[in-house]
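Student: So that you have it, the file is upload00.txt, and it contains compact mmCIF, C-alpha atoms:
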# COMPACT_ATOMS: atom_id res chain seq x y z
CA MET R 1 -66.82 -76.32 -113.56
CA GLN R 2 -67.42 -79.29 -111.34
CA SER R 3 -67.89 -78.75 -107.68
CA ASP R 4 -67.03 -82.32 -106.63
CA PHE R 5 -63.93 -82.81 -104.57
CA PRO R 6 -60.89 -84.06 -106.42
CA ASP R 7 -59.34 -87.36 -105.52
CA ASP R 8 -56.63 -87.22 -102.91
CA GLU R 9 -53.91 -88.00 -105.41
CA GLU R 10 -54.94 -84.99 -107.50
CA ARG R 11 -54.53 -82.56 -104.65
CA PRO R 12 -51.14 -80.88 -104.14
CA PHE R 13 -51.76 -80.64 -100.45
CA ARG R 14 -53.91 -82.13 -97.74
CA ASP R 15 -56.07 -79.92 -95.64
CA SER R 16 -55.03 -79.72 -92.05
CA GLU R 17 -57.91 -80.83 -89.93
CA GLN R 18 -56.34 -79.41 -86.85
CA SER R 19 -58.73 -76.88 -85.41
CA SER R 20 -56.08 -74.20 -85.19
CA GLY R 21 -55.35 -74.38 -88.91
CA THR R 22 -51.68 -73.69 -88.25
CA LEU R 23 -48.61 -75.70 -89.06
CA ALA R 24 -47.87 -78.53 -86.65
CA PHE R 25 -44.16 -77.85 -86.30
CA SER R 26 -43.84 -78.86 -82.68
CA PRO R 27 -43.07 -82.56 -83.31
CA GLN R 28 -40.46 -81.68 -85.95
CA SER R 29 -36.85 -80.69 -85.48
CA ASP R 30 -35.54 -77.30 -86.50
CA ASP R 31 -33.66 -79.01 -89.32
CA GLN R 32 -36.87 -80.56 -90.67
CA GLU R 33 -38.69 -77.25 -90.46
CA ARG R 34 -35.90 -75.48 -92.32
CA LYS R 35 -35.86 -78.11 -95.06
CA LEU R 36 -39.63 -77.85 -95.51
CA ARG R 37 -39.46 -74.08 -95.81
CA ILE R 38 -36.62 -74.30 -98.33
CA GLN R 39 -38.55 -76.86 -100.36
CA LEU R 40 -41.66 -74.72 -100.37
CA GLY R 41 -39.71 -71.55 -101.18
CA VAL R 42 -37.88 -73.16 -104.10
CA SER R 43 -41.13 -74.58 -105.46
CA PHE R 44 -42.97 -71.27 -105.43
CA PHE R 45 -39.96 -69.38 -106.78
CA LEU R 46 -39.90 -71.78 -109.74
CA PHE R 47 -43.66 -71.41 -110.15
CA GLY R 48 -43.31 -67.64 -110.52
CA LEU R 49 -40.21 -67.87 -112.70
CA ILE R 50 -41.55 -70.48 -115.12
CA ASN R 51 -45.06 -69.07 -115.27
CA ASN R 52 -43.77 -65.66 -116.40
CA ILE R 53 -40.67 -66.67 -118.33
CA LEU R 54 -42.63 -68.81 -120.78
CA TYR R 55 -44.79 -65.81 -121.50
CA VAL R 56 -41.77 -63.50 -121.92
CA VAL R 57 -40.07 -65.91 -124.31
CA ILE R 58 -43.11 -66.45 -126.52
CA LEU R 59 -43.96 -62.75 -126.62
CA SER R 60 -40.38 -61.83 -127.53
CA ALA R 61 -40.42 -64.35 -130.37
CA ALA R 62 -43.77 -63.10 -131.61
CA LEU R 63 -42.58 -59.48 -131.71
CA ASP R 64 -39.66 -60.56 -133.88
CA LEU R 65 -41.86 -62.55 -136.24
CA VAL R 66 -44.80 -60.24 -136.92
CA PRO R 67 -44.55 -57.83 -139.87
CA PRO R 68 -42.94 -54.45 -139.03
CA ALA R 69 -46.09 -52.62 -140.13
CA THR R 70 -48.20 -54.41 -137.53
CA PRO R 71 -49.61 -51.83 -135.09
CA LYS R 72 -48.04 -52.38 -131.69
CA GLY R 73 -51.43 -51.71 -130.09
CA ILE R 74 -52.73 -55.03 -131.46
CA ILE R 75 -49.84 -56.92 -129.89
CA ALA R 76 -50.30 -55.06 -126.61
CA PHE R 77 -53.99 -56.00 -126.60
CA CYS R 78 -53.29 -59.69 -127.29
CA ASN R 79 -50.58 -59.46 -124.64
CA ILE R 80 -52.88 -58.47 -121.77
CA ALA R 81 -56.55 -59.05 -122.71
CA PRO R 82 -56.63 -62.87 -122.31
CA SER R 83 -54.76 -62.62 -119.00
CA PHE R 84 -57.23 -59.99 -117.85
CA ALA R 85 -60.16 -62.20 -118.87
CA ALA R 86 -58.74 -65.14 -116.91
CA LYS R 87 -58.26 -63.07 -113.75
CA VAL R 88 -61.70 -61.46 -114.02
CA GLY R 89 -63.77 -64.49 -114.91
CA TRP R 90 -62.15 -67.56 -113.41
CA PRO R 91 -62.64 -66.78 -109.70
CA TYR R 92 -66.37 -66.27 -110.32
CA ILE R 93 -66.87 -69.23 -112.66
CA LEU R 94 -65.20 -71.74 -110.37
CA LYS R 95 -67.39 -73.58 -107.88
CA GLY R 96 -66.21 -75.64 -104.94
CA ARG R 97 -62.64 -76.74 -104.39
CA ILE R 98 -59.98 -75.95 -106.94
CA ARG R 99 -58.52 -78.86 -108.92
CA TYR R 100 -54.98 -77.56 -108.90
CA THR R 101 -53.39 -80.43 -110.80
CA LYS R 102 -55.80 -80.28 -113.72
CA ARG R 103 -55.62 -76.49 -113.89
CA ILE R 104 -51.81 -76.43 -113.94
CA VAL R 105 -51.75 -79.10 -116.65
CA GLY R 106 -54.14 -76.89 -118.64
CA CYS R 107 -51.85 -73.88 -118.20
CA CYS R 108 -48.85 -75.91 -119.40
CA PHE R 109 -50.85 -77.05 -122.42
CA CYS R 110 -51.78 -73.47 -123.33
CA SER R 111 -48.18 -72.32 -123.00
CA VAL R 112 -46.83 -75.11 -125.19
CA MET R 113 -49.56 -74.59 -127.79
CA GLY R 114 -48.86 -70.86 -127.82
CA MET R 115 -45.18 -71.44 -128.55
CA LEU R 116 -45.94 -74.00 -131.24
CA VAL R 117 -48.47 -71.71 -132.94
CA VAL R 118 -46.09 -68.71 -132.95
CA ALA R 119 -43.20 -70.82 -134.26
CA GLY R 120 -45.18 -72.95 -136.72
CA PHE R 121 -47.35 -70.43 -138.57
CA GLU R 122 -46.45 -67.37 -140.62
CA SER R 123 -49.81 -65.62 -140.76
CA LEU R 124 -50.36 -62.66 -138.47
CA GLY R 125 -53.66 -64.00 -137.17
CA MET R 126 -52.18 -67.32 -136.03
CA ARG R 127 -49.22 -65.67 -134.34
CA LEU R 128 -51.52 -63.31 -132.47
CA LEU R 129 -53.49 -66.38 -131.42
CA GLY R 130 -50.26 -67.84 -130.03
CA ILE R 131 -49.68 -64.67 -128.00
CA CYS R 132 -53.25 -64.90 -126.70
CA LEU R 133 -52.73 -68.48 -125.57
CA ALA R 134 -49.53 -67.53 -123.75
CA SER R 135 -51.23 -64.56 -122.13
CA PHE R 136 -54.19 -66.65 -120.95
CA SER R 137 -51.84 -69.28 -119.56
CA SER R 138 -49.77 -66.68 -117.71
CA GLY R 139 -52.81 -64.99 -116.19
CA LEU R 140 -54.49 -68.22 -115.11
CA GLY R 141 -51.18 -69.61 -113.85
CA GLU R 142 -50.52 -66.56 -111.67
CA LEU R 143 -54.05 -66.77 -110.31
CA THR R 144 -53.66 -70.48 -109.57
CA PHE R 145 -50.33 -70.29 -107.75
CA LEU R 146 -51.44 -67.37 -105.62
CA GLN R 147 -54.57 -69.30 -104.66
CA LEU R 148 -52.45 -72.36 -103.92
CA SER R 149 -50.43 -70.35 -101.40
CA THR R 150 -53.56 -69.79 -99.29
CA THR R 151 -54.06 -73.54 -98.80
CA TYR R 152 -51.04 -73.66 -96.50
CA PRO R 153 -51.17 -72.67 -92.83
CA ILE R 154 -50.70 -68.97 -92.12
CA ALA R 155 -47.09 -69.58 -91.08
CA LEU R 156 -46.31 -70.53 -94.69
CA ALA R 157 -48.90 -68.60 -96.72
CA GLY R 158 -46.87 -65.38 -96.75
CA HIS R 159 -43.66 -67.40 -97.19
CA SER R 160 -45.10 -68.88 -100.41
CA VAL R 161 -46.34 -65.55 -101.78
CA GLY R 162 -42.96 -63.95 -101.12
CA TYR R 163 -41.06 -66.55 -103.10
CA PHE R 164 -43.63 -66.62 -105.91
CA ALA R 165 -43.35 -62.84 -106.28
CA SER R 166 -39.55 -63.15 -106.28
CA GLY R 167 -39.79 -65.72 -109.09
CA THR R 168 -41.97 -63.45 -111.23
CA GLY R 169 -39.45 -60.65 -110.73
CA GLY R 170 -36.63 -62.95 -111.74
CA ALA R 171 -38.51 -63.84 -114.93
CA GLY R 172 -38.59 -60.18 -115.92
CA VAL R 173 -34.81 -59.85 -115.52
CA GLY R 174 -33.80 -63.15 -117.08
CA GLY R 175 -36.62 -63.75 -119.56
CA ALA R 176 -34.63 -62.74 -122.62
CA ALA R 177 -31.75 -65.03 -121.63
CA PHE R 178 -33.84 -68.15 -121.21
CA GLN R 179 -34.95 -69.57 -124.54
CA GLY R 180 -35.82 -72.92 -123.06
CA ALA R 181 -37.83 -73.57 -119.92
CA VAL R 182 -38.15 -76.39 -117.46
CA GLY R 183 -41.66 -77.80 -117.28
CA THR R 184 -43.82 -76.35 -114.53
CA SER R 185 -44.70 -79.87 -113.43
CA ALA R 186 -41.10 -80.35 -112.23
CA ALA R 187 -41.50 -77.65 -109.61
CA TYR R 188 -45.05 -78.75 -108.91
CA ALA R 189 -43.91 -82.26 -108.07
CA ALA R 190 -41.44 -80.90 -105.51
CA ILE R 191 -44.00 -78.99 -103.48
CA PRO R 192 -44.38 -80.11 -99.86
CA THR R 193 -47.56 -82.07 -99.22
CA ALA R 194 -49.07 -83.78 -96.23
CA ASP R 195 -45.97 -83.65 -94.05
CA LEU R 196 -46.48 -79.91 -93.63
CA THR R 197 -49.73 -80.32 -91.80
CA GLU R 198 -49.67 -83.76 -90.22
CA THR R 199 -47.79 -85.20 -87.29
CA PRO R 200 -45.23 -87.84 -88.36
CA ALA R 201 -46.64 -91.33 -88.84
CA GLU R 202 -44.58 -92.86 -86.07
CA GLU R 203 -46.32 -90.61 -83.55
CA ILE R 204 -49.92 -90.91 -84.77
CA GLU R 205 -51.57 -94.07 -86.00
CA GLU R 206 -53.02 -93.92 -89.50
CA ASN R 207 -56.51 -94.72 -88.32
CA ASP R 208 -56.35 -91.78 -85.92
CA VAL R 209 -55.39 -89.52 -88.81
CA GLN R 210 -58.28 -90.74 -90.89
CA ALA R 211 -60.64 -90.31 -88.00
CA SER R 212 -59.44 -86.77 -87.39
CA ARG R 213 -60.22 -85.81 -90.98
CA GLY R 214 -63.82 -86.83 -90.67
CA PRO R 215 -66.33 -86.69 -93.52
CA LYS R 216 -65.70 -84.28 -96.37
CA ILE R 217 -67.78 -81.12 -96.11
CA ARG R 218 -69.26 -79.71 -99.30
CA VAL R 219 -69.06 -75.92 -99.46
CA THR R 220 -69.78 -73.83 -102.55
CA LEU R 221 -69.62 -70.05 -102.61
CA SER R 222 -72.43 -68.43 -104.56
CA VAL R 223 -71.98 -65.41 -106.83
CA ALA R 224 -73.66 -63.30 -104.15
CA ASP R 225 -71.16 -64.58 -101.59
CA LYS R 226 -68.27 -63.68 -103.86
CA LEU R 227 -69.60 -60.19 -104.58
CA ARG R 228 -69.97 -59.64 -100.85
CA LEU R 229 -66.36 -60.74 -100.31
CA VAL R 230 -64.93 -58.58 -103.08
CA ARG R 231 -66.49 -55.24 -102.06
CA PRO R 232 -64.19 -54.58 -99.07
CA LEU R 233 -61.18 -55.40 -101.25
CA LEU R 234 -61.76 -52.65 -103.81
CA LEU R 235 -60.28 -49.71 -101.91
CA LYS R 236 -58.06 -51.74 -99.62
CA TYR R 237 -56.16 -53.80 -102.21
CA MET R 238 -57.41 -53.48 -105.80
CA LEU R 239 -57.24 -49.72 -106.25
CA PRO R 240 -53.66 -49.33 -104.94
CA LEU R 241 -52.55 -52.16 -107.24
CA PHE R 242 -54.47 -50.67 -110.18
CA LEU R 243 -52.91 -47.22 -109.73
CA VAL R 244 -49.37 -48.59 -109.37
CA TYR R 245 -49.63 -50.64 -112.56
CA THR R 246 -51.32 -47.86 -114.53
CA ILE R 247 -48.59 -45.37 -113.61
CA GLU R 248 -45.59 -47.65 -114.05
CA TYR R 249 -46.69 -49.11 -117.38
CA THR R 250 -47.51 -45.65 -118.71
CA ILE R 251 -43.97 -44.66 -117.73
CA ASN R 252 -42.47 -47.77 -119.34
CA GLN R 253 -44.46 -47.65 -122.57
CA GLY R 254 -45.13 -43.93 -123.00
CA ILE R 255 -42.37 -41.94 -121.27
CA ALA R 256 -39.28 -44.18 -121.23
CA PRO R 257 -39.15 -44.48 -125.06
CA THR R 258 -38.74 -40.68 -125.23
CA LEU R 259 -35.92 -40.44 -122.66
CA LEU R 260 -33.27 -40.26 -125.38
CA TYR R 261 -30.00 -38.32 -125.42
CA PRO R 262 -26.85 -38.06 -127.52
CA VAL R 263 -24.50 -41.01 -127.22
CA PRO R 264 -21.98 -40.32 -124.40
CA ASP R 265 -18.46 -39.38 -125.44
CA PRO R 266 -16.08 -42.23 -124.48
CA SER R 267 -13.38 -39.74 -123.47
CA THR R 268 -15.57 -38.08 -120.82
CA HIS R 269 -17.96 -40.90 -119.90
CA PRO R 270 -16.14 -44.19 -120.58
CA VAL R 271 -18.40 -46.25 -118.27
CA LEU R 272 -21.65 -45.02 -119.82
CA ARG R 273 -20.24 -45.72 -123.28
CA LEU R 274 -19.92 -49.40 -122.36
CA PHE R 275 -23.71 -49.59 -122.04
CA ILE R 276 -24.83 -46.95 -124.54
CA LYS R 277 -23.27 -47.29 -127.97
CA SER R 278 -26.22 -45.88 -129.92
CA VAL R 279 -29.41 -43.96 -129.22
CA ARG R 280 -31.35 -47.22 -129.43
CA ASP R 281 -29.56 -48.51 -126.34
CA TYR R 282 -31.31 -46.09 -123.97
CA TYR R 283 -34.70 -47.79 -123.87
CA PRO R 284 -33.30 -51.32 -123.22
CA LEU R 285 -31.14 -49.82 -120.46
CA TRP R 286 -34.16 -48.21 -118.77
CA GLN R 287 -36.04 -51.51 -118.98
CA LEU R 288 -33.12 -53.44 -117.49
CA VAL R 289 -32.95 -50.99 -114.57
CA TYR R 290 -36.72 -51.23 -114.07
CA GLN R 291 -36.83 -55.04 -114.15
CA THR R 292 -33.83 -55.37 -111.85
CA PHE R 293 -35.37 -53.25 -109.12
CA VAL R 294 -38.75 -54.94 -109.56
CA PHE R 295 -36.95 -58.20 -108.83
CA PHE R 296 -35.27 -56.76 -105.73
CA SER R 297 -38.50 -55.41 -104.27
CA ARG R 298 -40.57 -58.49 -105.12
CA SER R 299 -37.95 -60.50 -103.26
CA SER R 300 -38.20 -58.33 -100.13
CA ILE R 301 -40.42 -60.71 -98.14
CA SER R 302 -38.51 -63.82 -99.21
CA LEU R 303 -35.34 -62.07 -98.03
CA GLY R 304 -36.86 -61.65 -94.58
CA LEU R 305 -37.74 -57.95 -94.74
CA PRO R 306 -40.96 -56.93 -92.98
CA ALA R 307 -44.10 -56.46 -95.06
CA LEU R 308 -45.69 -53.05 -95.45
CA PRO R 309 -48.55 -52.36 -93.04
CA THR R 310 -51.95 -52.44 -94.74
CA LYS R 311 -52.37 -48.69 -94.25
CA LEU R 312 -49.21 -48.04 -96.29
CA LEU R 313 -50.20 -50.05 -99.36
CA TRP R 314 -51.07 -46.75 -101.06
CA LEU R 315 -47.53 -45.41 -100.55
CA PRO R 316 -45.98 -46.97 -103.72
CA ALA R 317 -48.66 -45.33 -105.88
CA PHE R 318 -47.96 -41.90 -104.39
CA VAL R 319 -44.20 -42.29 -104.91
CA GLN R 320 -44.71 -43.45 -108.48
CA SER R 321 -46.88 -40.40 -109.15
CA PHE R 322 -43.88 -38.23 -108.25
CA VAL R 323 -41.65 -40.29 -110.57
CA PHE R 324 -44.23 -39.96 -113.36
CA ILE R 325 -44.32 -36.16 -113.01
CA ALA R 326 -40.52 -35.85 -112.85
CA LEU R 327 -39.81 -38.07 -115.87
CA SER R 328 -42.59 -36.62 -118.04
CA THR R 329 -41.42 -33.07 -117.23
CA GLU R 330 -37.82 -33.96 -118.07
CA SER R 331 -38.92 -35.54 -121.34
CA ALA R 332 -41.06 -32.58 -122.37
CA ARG R 333 -39.00 -29.65 -121.07
CA GLY R 334 -35.50 -30.98 -120.30
CA ILE R 335 -35.26 -29.85 -116.67
CA PHE R 336 -32.19 -31.93 -115.79
CA PRO R 337 -28.60 -30.63 -116.22
CA ASP R 338 -26.99 -30.61 -119.64
CA ASP R 339 -24.27 -33.00 -118.47
CA PRO R 340 -25.27 -36.42 -119.93
CA GLY R 341 -23.70 -38.26 -117.01
CA VAL R 342 -25.76 -36.39 -114.42
CA THR R 343 -28.97 -36.66 -116.44
CA ILE R 344 -28.61 -40.38 -117.05
CA PHE R 345 -27.81 -40.94 -113.36
CA LEU R 346 -30.94 -39.05 -112.28
CA ILE R 347 -33.13 -40.99 -114.71
CA PHE R 348 -31.51 -44.21 -113.54
CA CYS R 349 -32.45 -43.39 -109.94
CA LEU R 350 -36.04 -42.43 -110.81
CA ILE R 351 -36.65 -45.56 -112.86
CA ALA R 352 -35.10 -47.65 -110.10
CA VAL R 353 -37.57 -46.11 -107.63
CA GLU R 354 -40.40 -46.75 -110.07
CA GLY R 355 -39.49 -50.43 -110.38
CA PHE R 356 -38.94 -50.83 -106.66
CA CYS R 357 -42.36 -49.34 -105.85
CA GLY R 358 -44.06 -51.53 -108.46
CA GLY R 359 -42.61 -54.73 -107.06
CA LEU R 360 -43.24 -53.60 -103.49
CA ALA R 361 -46.93 -53.01 -104.18
CA TYR R 362 -47.34 -56.41 -105.85
CA VAL R 363 -45.74 -58.57 -103.18
CA ASN R 364 -47.25 -56.70 -100.23
CA VAL R 365 -50.81 -56.62 -101.54
CA PHE R 366 -50.85 -60.37 -102.14
CA TYR R 367 -49.01 -61.04 -98.89
CA ARG R 368 -51.55 -59.07 -96.84
CA ILE R 369 -54.61 -60.62 -98.45
CA GLY R 370 -53.13 -64.08 -97.87
CA GLN R 371 -52.89 -63.42 -94.13
CA GLU R 372 -56.61 -62.77 -93.67
CA ASP R 373 -59.34 -65.05 -92.31
CA HIS R 374 -57.39 -68.15 -91.37
CA PRO R 375 -59.22 -70.77 -89.28
CA GLU R 376 -59.49 -70.34 -85.53
CA GLU R 377 -59.64 -72.96 -82.82
CA SER R 378 -63.38 -72.49 -82.33
CA ASP R 379 -64.24 -72.98 -86.01
CA SER R 380 -66.31 -75.96 -87.07
CA GLU R 381 -65.24 -78.19 -89.93
CA TYR R 382 -67.70 -76.39 -92.19
CA ASP R 383 -66.27 -72.99 -91.20
CA VAL R 384 -62.72 -74.18 -91.87
CA GLU R 385 -63.62 -75.31 -95.40
CA ARG R 386 -65.60 -72.15 -96.11
CA LYS R 387 -62.78 -69.87 -94.96
CA LYS R 388 -60.38 -71.85 -97.12
CA GLN R 389 -62.49 -71.24 -100.23
CA GLU R 390 -63.00 -67.60 -99.30
CA ARG R 391 -59.23 -67.07 -99.03
CA GLU R 392 -58.71 -68.71 -102.42
CA PHE R 393 -61.35 -66.50 -104.00
CA LYS R 394 -60.14 -63.25 -102.46
CA ILE R 395 -56.49 -63.61 -103.43
CA GLY R 396 -57.61 -64.64 -106.93
CA SER R 397 -60.04 -61.76 -107.35
CA ILE R 398 -57.66 -58.87 -106.61
CA GLY R 399 -55.35 -59.83 -109.48
CA VAL R 400 -57.73 -58.01 -111.81
CA GLY R 401 -56.30 -54.73 -110.47
CA ASP R 402 -52.87 -55.09 -112.07
CA SER R 403 -54.23 -56.39 -115.40
CA LEU R 404 -56.76 -53.58 -115.66
CA GLY R 405 -54.00 -51.08 -114.90
CA ILE R 406 -51.81 -52.50 -117.67
CA MET R 407 -54.70 -52.38 -120.15
CA LEU R 408 -55.41 -48.74 -119.33
CA ALA R 409 -51.70 -47.91 -119.55
CA SER R 410 -51.51 -49.45 -123.03
CA LEU R 411 -54.22 -47.00 -124.12
CA LEU R 412 -52.54 -44.02 -122.44
CA ALA R 413 -49.00 -44.81 -123.56
CA MET R 414 -49.40 -44.11 -127.26
CA PRO R 415 -50.76 -40.52 -126.98
CA THR R 416 -48.28 -39.89 -124.15
CA GLU R 417 -45.30 -40.91 -126.28
CA ILE R 418 -46.54 -38.92 -129.28
CA GLY R 419 -47.20 -35.83 -127.18
CA LEU R 420 -43.81 -35.92 -125.47
CA CYS R 421 -42.00 -36.40 -128.77
CA LYS R 422 -43.81 -33.37 -130.22
CA ALA R 423 -42.81 -31.34 -127.16
CA GLN R 424 -39.17 -32.33 -127.66
CA VAL R 425 -39.24 -31.37 -131.34
CA ALA R 426 -40.80 -28.02 -130.44
CA ARG R 427 -37.77 -27.21 -128.26
CA GLY R 428 -35.30 -28.32 -130.94
CA LYS R 429 -34.63 -31.92 -129.86
CA ASP R 430 -35.63 -34.36 -132.59
CA ILE R 431 -33.87 -37.57 -131.52
CA CYS R 432 -37.20 -39.31 -130.94
CA ARG R 433 -38.07 -38.90 -134.64
CA THR R 434 -34.82 -40.45 -135.86
CA LEU R 435 -35.57 -43.93 -134.48
Please express the file's structure as structure tokens.
Tutor:
Amino acid sequence: MQSDFPDDEERPFRDSEQSSGTLAFSPQSDDQERKLRIQLGVSFFLFGLINNILYVVILSAALDLVPPATPKGIIAFCNIAPSFAAKVGWPYILKGRIRYTKRIVGCCFCSVMGMLVVAGFESLGMRLLGICLASFSSGLGELTFLQLSTTYPIALAGHSVGYFASGTGGAGVGGAAFQGAVGTSAAYAAIPTADLTETPAEEIEENDVQASRGPKIRVTLSVADKLRLVRPLLLKYMLPLFLVYTIEYTINQGIAPTLLYPVPDPSTHPVLRLFIKSVRDYYPLWQLVYQTFVFFSRSSISLGLPALPTKLLWLPAFVQSFVFIALSTESARGIFPDDPGVTIFLIFCLIAVEGFCGGLAYVNVFYRIGQEDHPEESDSEYDVERKKQEREFKIGSIGVGDSLGIMLASLLAMPTEIGLCKAQVARGKDICRTL
């Protein structure tokens, strides 16, 4: 990776050289401020939506195209391993400023190539390669857009993260419905640039602006610097995110497929019968409930709700642990009432809580890390640039927590599902073996 600064036209933003490092809203009207925030929110929502929806579409197509005998573990590995590698390696490989334009173009290229490979080849190996390309693009894209949010003043950093998280949640709900996607570059071109951090031209002469920027300062974080920065993040941010993703994906992949019941009688449960017409409809229903509440909770900050305090970032993991115990016990022993309507309602509520906690952990962890270490009035130009790169690295480095949790969950899910199905058969319920 090159450490040279990109040309100005390659940069999606211009660094504010104001010593405070905050947004210069004072010369702007309330209407201008509102329009800028809307523009930024829409841009980051589309970033999250498109980055994840491309991945959902290509993975869905690949699952339909691979031979039925293909072990699902191979697909799960190709699904997450490249994304995990991107989140683990890229923040440490990169030196100097991030070339956002070139990186986003690279992500778009990987996504398009992944779709073409999956659609254009029939061999299993090539289709798995297509999934890998999509996974790598999704992981690197998420890393890039989260890092991009830290380049804005603190007044907008959390605003950007909130809308990006909302977009990723929307991709989970609507991914199956969108078989075509708008190019990421369309949203990228709409992102607010210099006018967010500079006083309008009619109030400041151009030569004054150039003079205020001063000479470019070269700052490069060493590997030792990055390891020093990442240590305090392990318990504070990474571990809560890791536990939440491990628990929720073990529920989704290992427990939810065993939450099966007889098809509701239309005479006694006419509403449930609209959604559940066969035993196979249960799992898609649980996933729809999960994704819907993930979307709601990931949209919490963009909707104006307060962020969780840092001390409460562990709370979603504790709540999900309760959901895990309740659902696994119901699957193995059948502790809920015999009435299908009551049982389905209770499972609906538990899975809704699971999804809500998962989305809440994601958006709040990235929101909180994005609020740290912004420039102060007393900082030198060197300190401003260094803090900028440190913020980009830190928000990029904690993404490894969710990917590692998903990888571990993929290993735990298979024995969990098999064990729960055996427990159901032992108590005379063999629906799980009929699928």
Student: From the set R:Leu420, R:Ile74, R:Leu315, R:Leu239, which residue has the shortest atom-to-atom contact distance to Ser328 (chain R), counting all atoms listed in the file?
Tutor: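 For Ser328 (chain R), the nearest of the candidates is R:Leu420.
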Student: Pick the closest to Gly419 (chain R) from R:Gly254, R:Gly401, R:Gly396, R:Gly158: which is it, counting all atoms listed in the file?
Tutor: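 Using all atoms listed in the file, Gly419 (chain R) sits closest to R:Gly254.
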Student: Just how far from CA of Asp30 (chain R) is CA of Leu156 (chain R), in Å to one decimal?
Tutor: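 So the two atoms, CA of Leu156 (chain R) and CA of Asp30 (chain R), lie 15.1 Å apart.
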Student: May I ask for the distance between CA of Glu372 (chain R) and CA of Thr150 (chain R), given in Å to one decimal place?
Tutor: 9.5 Å
Student: Counting only C-alpha atoms, what is within 9 Å of Val400 (chain R), bar same-chain residues fewer than 6 positions away, as a short mmCIF file (atom, residue, chain, number, x, y, z; two decimals) with C-alpha atoms, in the frame of the given file?
Tutor:
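To be explicit, this is the file written out as result04.cif:
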data_model
loop_
_atom_site.label_atom_id
_atom_site.label_comp_id
_atom_site.auth_asym_id
_atom_site.auth_seq_id
_atom_site.Cartn_x
_atom_site.Cartn_y
_atom_site.Cartn_z
CA PHE R 84 -57.23 -59.99 -117.85
CA ALA R 85 -60.16 -62.20 -118.87
CA ALA R 86 -58.74 -65.14 -116.91
CA LYS R 87 -58.26 -63.07 -113.75
CA VAL R 88 -61.70 -61.46 -114.02
CA MET R 238 -57.41 -53.48 -105.80
CA PHE R 242 -54.47 -50.67 -110.18
#
Student: With distances taken over only C-alpha atoms, which of R:Lys394, R:Lys35, R:Arg427, R:Lys387 is nearest to Phe366 (chain R)?
Tutor: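 The closest residue to Phe366 (chain R) is R:Lys394.
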Student: Considering all atoms listed in the file, can you say which of R:Phe145, R:Phe324, R:Phe109, R:Trp286 comes closest to Gly130 (chain R)?
Tutor: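 Counting all atoms listed in the file, the residue closest to Gly130 (chain R) is R:Phe109.
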Student: Here is a test: counting only C-alpha atoms, which residue of R:Gln291, R:Thr343, R:Ser397, R:Gln371 is nearest to Phe356 (chain R)?
Tutor: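 Among R:Gln291, R:Thr343, R:Ser397, R:Gln371, it is R:Gln291 that comes nearest to Phe356 (chain R).
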Student: Of the residues R:Arg228, R:Pro284, R:Tyr249, R:Leu303, which is the one nearest to Gly41 (chain R), using only C-alpha atoms?
Tutor: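 Closest to Gly41 (chain R), using only C-alpha atoms: R:Leu303.
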Student: Do you know which residues are at most 8 Å from Tyr237 (chain R) counting only C-alpha atoms, after dropping those on the same chain fewer than 2 positions away, and could you put them as a ChimeraX atom specification?
Tutor: /R:233-235,239-241,313,365,369,398
Student: Can you pull out the residues contacting Val118 (chain R)? Cut-off 7 Å, using all atoms listed in the file, and skip same-chain residues under 2 positions away; I want them as a list in words.
Tutor: Ala62, Gly114, Met115, Leu116, Gly120, Phe121, Met126, Arg127 and Gly130 of chain R
Student: Which distance in Å separates CA of Lys102 (chain R) and CA of Tyr382 (chain R), to one decimal?
Tutor: 24.9 Å
Student: Find the residues around region 340-342 of chain R up to 12 Å (all atoms listed in the file counted), leave out those fewer than 2 positions away in its own chain, and share them as a list in words.
Tutor: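 What passes the distance filter is Leu259, Leu260, Tyr261, Pro262, Val263, Pro264, Asp265, Pro266, Thr268, His269, Pro270, Val271, Leu272, Arg273, Ile276, Gly334, Ile335, Phe336, Pro337, Asp338, Ile344, Phe345, Leu346, Ile347, Phe348 and Cys349 of chain R.
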Student: Would you save region 424-429 of chain R to a file, keeping N, CA and C atoms, as a compact mmCIF listing (two decimals), in the first residue's frame?
Tutor:
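Okay, this is what ended up in decode16.txt:
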# COMPACT_ATOMS: atom_id res chain seq x y z
N GLN R 424 -35.42 -33.88 20.29
CA GLN R 424 -36.83 -33.85 19.91
C GLN R 424 -37.32 -35.25 19.56
N VAL R 425 -36.52 -35.98 18.82
CA VAL R 425 -36.90 -37.35 18.44
C VAL R 425 -37.03 -38.23 19.67
N ALA R 426 -36.16 -38.03 20.65
CA ALA R 426 -36.19 -38.82 21.87
C ALA R 426 -37.47 -38.61 22.66
N ARG R 427 -38.09 -37.42 22.51
CA ARG R 427 -39.36 -37.20 23.22
C ARG R 427 -40.57 -37.34 22.29
N GLY R 428 -40.35 -37.99 21.14
CA GLY R 428 -41.45 -38.36 20.26
C GLY R 428 -41.84 -37.33 19.23
N LYS R 429 -41.01 -36.32 19.00
CA LYS R 429 -41.29 -35.27 18.00
C LYS R 429 -40.25 -35.39 16.89
